[in-house]
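Engineer: Below: one structure in structure tokens.
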Amino acid sequence: MKTLKEKQKDAYAALKEKMGYVNVMQVPRLQKAVVNVGVGSFKDKKKIEVVEDRLAKLTGQKPAKRGAKKSIATYKTRTGDTVGEQVTLRGPRMYAFLDKLLNIALPRTKDFRGLSGNAIDEIGNITIGIKEHTIFPEAVDEDLRDVFGLAITVVTTAKTQKEAKAYLDHLGFPFKKAEEKKKR
């Protein structure tokens, strides 16, 4: 089985006919993967530290805290309160994380039928929402008290949604088949 990095190198040959590329530099590339976790509902500082620790284990990098931009009395938040954690992955860490996501974590998801093609935005980025972090192998069974969700945004250099879909398909992102859409 090829890794994501190896599939990246084969992208030009695979997409040359389909997309009409005449130069290797026209092929889209992965720029970064951004992993976000919201902790706004946790008022306990220890729970926020647990989320930070687990996110660091999942990604291999220490997350940065994201503070509230303004105070909102309804949500009992003040300016600067931690409302989320974010990790931006590039290079080898990004490839390792995405390999783990595509080959181990997503297949472990309950009732997983594939990613929606509509998750790709107009400029070629895809955002994947995961309800439980426990699908990753680093999540220890003892720590199931505080389950949290995360959002993963994969940023590519693709110019259009169609180009990004073809590129991500080549990399092995598990999209829903067109036949399943027709049945519903």
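Quick note on naming: the chains in the structure tokens go A, B, ... in the order shown, residues restart at 1 in each chain, and ligands are numbered from 1 in order of appearance.
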Looking only at helix (DSSP H, G or I) from DSSP on the backbone, list the matching residues of range 3-165 of chain A as a ChimeraX atom specification.
Structural biologist: /A:4-19,24-26,45-59,91-108,117-119,133-135,141-143,161-165
Engineer: Excluding same-chain residues fewer than 2 positions from Leu89 in chain A, what lies within 6 Å of it counting only C-alpha atoms, as a ChimeraX atom specification?
Structural biologist: /A:32-33,94
Engineer: Excluding Ile126 in chain A and residues on its chain fewer than 3 positions from it, collect all residues at most 9 Å away from it, counting only C-alpha atoms, and give them as a PyMOL selection string.
Structural biologist: chain A and resi 117-121+152-156+164
Engineer: Deliver the residues from the most recent selection as a file, using C-alpha atoms, as a PDB file, in the first residue's frame.
Structural biologist:
ATOM      1  CA  GLY A 117     -18.101  15.503  -2.074  1.00  0.00           C
ATOM      2  CA  ASN A 118     -19.918  18.647  -0.902  1.00  0.00           C
ATOM      3  CA  ALA A 119     -17.389  18.998   1.927  1.00  0.00           C
ATOM      4  CA  ILE A 120     -14.971  20.474  -0.616  1.00  0.00           C
ATOM      5  CA  ASP A 121     -15.302  24.253  -0.843  1.00  0.00           C
ATOM      6  CA  ILE A 152      -9.988  18.675  10.242  1.00  0.00           C
ATOM      7  CA  THR A 153      -9.440  21.054   7.340  1.00  0.00           C
ATOM      8  CA  VAL A 154      -7.094  19.877   4.594  1.00  0.00           C
ATOM      9  CA  VAL A 155      -5.822  22.821   2.554  1.00  0.00           C
ATOM     10  CA  THR A 156      -4.760  22.147  -1.046  1.00  0.00           C
ATOM     11  CA  ALA A 164      -9.702  19.210  -5.757  1.00  0.00           C
TER      12      ALA A 164
END
Engineer: Running DSSP on the backbone, which parts of range 16-72 of chain A land in strand (DSSP E), as a VMD selection string?
Structural biologist: chain A and resid 30 to 38 64 to 67
Engineer: Those same residues, written as an mmCIF file, in the first residue's frame with N, CA and C atoms?
Structural biologist:
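again_12.cif, freshly written:
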data_model
loop_
_atom_site.group_PDB
_atom_site.id
_atom_site.type_symbol
_atom_site.label_atom_id
_atom_site.label_comp_id
_atom_site.auth_asym_id
_atom_site.auth_seq_id
_atom_site.Cartn_x
_atom_site.Cartn_y
_atom_site.Cartn_z
ATOM 1 N N LEU A 30 -0.856 19.221 -1.292
ATOM 2 C CA LEU A 30 -1.347 19.442 0.065
ATOM 3 C C LEU A 30 -0.476 20.516 0.709
ATOM 4 N N GLN A 31 -1.103 21.544 1.255
ATOM 5 C CA GLN A 31 -0.343 22.595 1.917
ATOM 6 C C GLN A 31 -0.255 22.365 3.414
ATOM 7 N N LYS A 32 -1.420 22.139 4.030
ATOM 8 C CA LYS A 32 -1.441 21.957 5.477
ATOM 9 C C LYS A 32 -2.733 21.270 5.892
ATOM 10 N N ALA A 33 -2.725 20.764 7.111
ATOM 11 C CA ALA A 33 -3.918 20.201 7.726
ATOM 12 C C ALA A 33 -4.110 20.924 9.050
ATOM 13 N N VAL A 34 -5.299 21.465 9.265
ATOM 14 C CA VAL A 34 -5.601 22.211 10.481
ATOM 15 C C VAL A 34 -6.623 21.413 11.286
ATOM 16 N N VAL A 35 -6.279 21.107 12.532
ATOM 17 C CA VAL A 35 -7.158 20.332 13.416
ATOM 18 C C VAL A 35 -7.663 21.275 14.499
ATOM 19 N N ASN A 36 -8.993 21.411 14.598
ATOM 20 C CA ASN A 36 -9.624 22.304 15.573
ATOM 21 C C ASN A 36 -10.495 21.516 16.532
ATOM 22 N N VAL A 37 -10.467 21.912 17.802
ATOM 23 C CA VAL A 37 -11.338 21.325 18.816
ATOM 24 C C VAL A 37 -11.942 22.474 19.606
ATOM 25 N N GLY A 38 -13.259 22.472 19.731
ATOM 26 C CA GLY A 38 -13.922 23.475 20.551
ATOM 27 C C GLY A 38 -14.041 22.985 21.981
ATOM 28 N N ALA A 64 -2.324 25.023 20.026
ATOM 29 C CA ALA A 64 -2.358 26.425 20.457
ATOM 30 C C ALA A 64 -3.754 26.738 20.972
ATOM 31 N N LYS A 65 -3.827 27.466 22.063
ATOM 32 C CA LYS A 65 -5.130 27.833 22.629
ATOM 33 C C LYS A 65 -5.718 28.973 21.819
ATOM 34 N N ARG A 66 -7.013 28.934 21.651
ATOM 35 C CA ARG A 66 -7.744 29.986 20.956
ATOM 36 C C ARG A 66 -8.700 30.623 21.945
ATOM 37 N N GLY A 67 -8.571 31.930 22.104
ATOM 38 C CA GLY A 67 -9.394 32.651 23.070
ATOM 39 C C GLY A 67 -10.611 33.283 22.434
#
Engineer: In Å, how far is it from CA of Gly91 in chain A to CA of Leu150 in chain A?
Structural biologist: 20.7 Å
Engineer: Once you count only C-alpha atoms, what closest atom pair and distance in Å to one decimal does each residue of range 145-169 of chain A within 9 Å of range 44-54 of chain A have, with rows by chain and rising residue number, as CSV?
Structural biologist:
residue,atom,partner,partner_atom,distance
A:Asp146,CA,A:Lys47,CA,7.4
A:Val147,CA,A:Val51,CA,8.7
A:Phe148,CA,A:Val51,CA,7.7
Engineer: With N, CA and C atoms kept, could you save the residues just selected as a PDB file, in the first residue's frame?
Structural biologist:
ATOM      1  N   ASP A 146     -14.203  11.941  28.862  1.00  0.00           N
ATOM      2  CA  ASP A 146     -14.306  13.225  28.170  1.00  0.00           C
ATOM      3  C   ASP A 146     -14.100  13.033  26.674  1.00  0.00           C
ATOM      4  N   VAL A 147     -15.144  12.674  25.969  1.00  0.00           N
ATOM      5  CA  VAL A 147     -15.069  12.477  24.524  1.00  0.00           C
ATOM      6  C   VAL A 147     -15.377  13.808  23.852  1.00  0.00           C
ATOM      7  N   PHE A 148     -14.567  14.174  22.883  1.00  0.00           N
ATOM      8  CA  PHE A 148     -14.788  15.433  22.172  1.00  0.00           C
ATOM      9  C   PHE A 148     -14.687  15.209  20.670  1.00  0.00           C
TER      10      PHE A 148
END
Engineer: Considering only C-alpha atoms, return as a PyMOL selection string whatever protein or nucleic-acid residues lie within 12 Å of Thr157 in chain A, sequence-local ones (same chain, fewer than 6 positions apart) excluded.
Structural biologist: chain A and resi 25-32+122-126+163-164+167-168
Engineer: What does the distance from CA of Arg113 in chain A to CA of Gln8 in chain A come to in Å, to one decimal?
Structural biologist: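 About the pair CA of Arg113 in chain A and CA of Gln8 in chain A: they are 24.3 Å apart.
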Engineer: For range 14-123 of chain A against range 127-137 of chain A, with a cut-off of 9 Å and counting only C-alpha atoms, what is the closest atom pair and its distance in Å to one decimal for every residue that makes the cut, ordered by chain and number, as a Markdown table?
Structural biologist:
| residue | atom | partner | partner_atom | distance |
| --- | --- | --- | --- | --- |
| A:Arg54 | CA | A:His133 | CA | 8.8 |
| A:Leu55 | CA | A:His133 | CA | 8.7 |
| A:Leu58 | CA | A:Phe136 | CA | 7.1 |
| A:Lys100 | CA | A:Phe136 | CA | 8.0 |
| A:Leu101 | CA | A:Phe136 | CA | 7.6 |
| A:Ile104 | CA | A:Phe136 | CA | 7.3 |
| A:Ala105 | CA | A:Phe136 | CA | 5.1 |
| A:Leu106 | CA | A:Ile135 | CA | 7.2 |
| A:Pro107 | CA | A:Ile135 | CA | 8.6 |
| A:Arg108 | CA | A:Ile135 | CA | 5.8 |
| A:Thr109 | CA | A:Ile135 | CA | 6.1 |
| A:Lys110 | CA | A:Ile135 | CA | 8.9 |
| A:Leu115 | CA | A:Ile128 | CA | 7.8 |
| A:Ala119 | CA | A:Thr127 | CA | 5.9 |
| A:Ile120 | CA | A:Thr127 | CA | 6.8 |
| A:Asp121 | CA | A:Thr127 | CA | 8.3 |
Engineer: CA of Glu6 in chain A and CA of Ala139 in chain A, how far apart in Å?
Structural biologist: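 Between CA of Ala139 in chain A and CA of Glu6 in chain A the gap works out to 27.5 Å.
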Engineer: When distances are computed from only C-alpha atoms, which of A:Glu85, A:Gly149, A:Gly172, A:Val24 shows the smallest separation from Leu98 in chain A?
Structural biologist: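 For Leu98 in chain A, the nearest of the candidates is A:Gly172.
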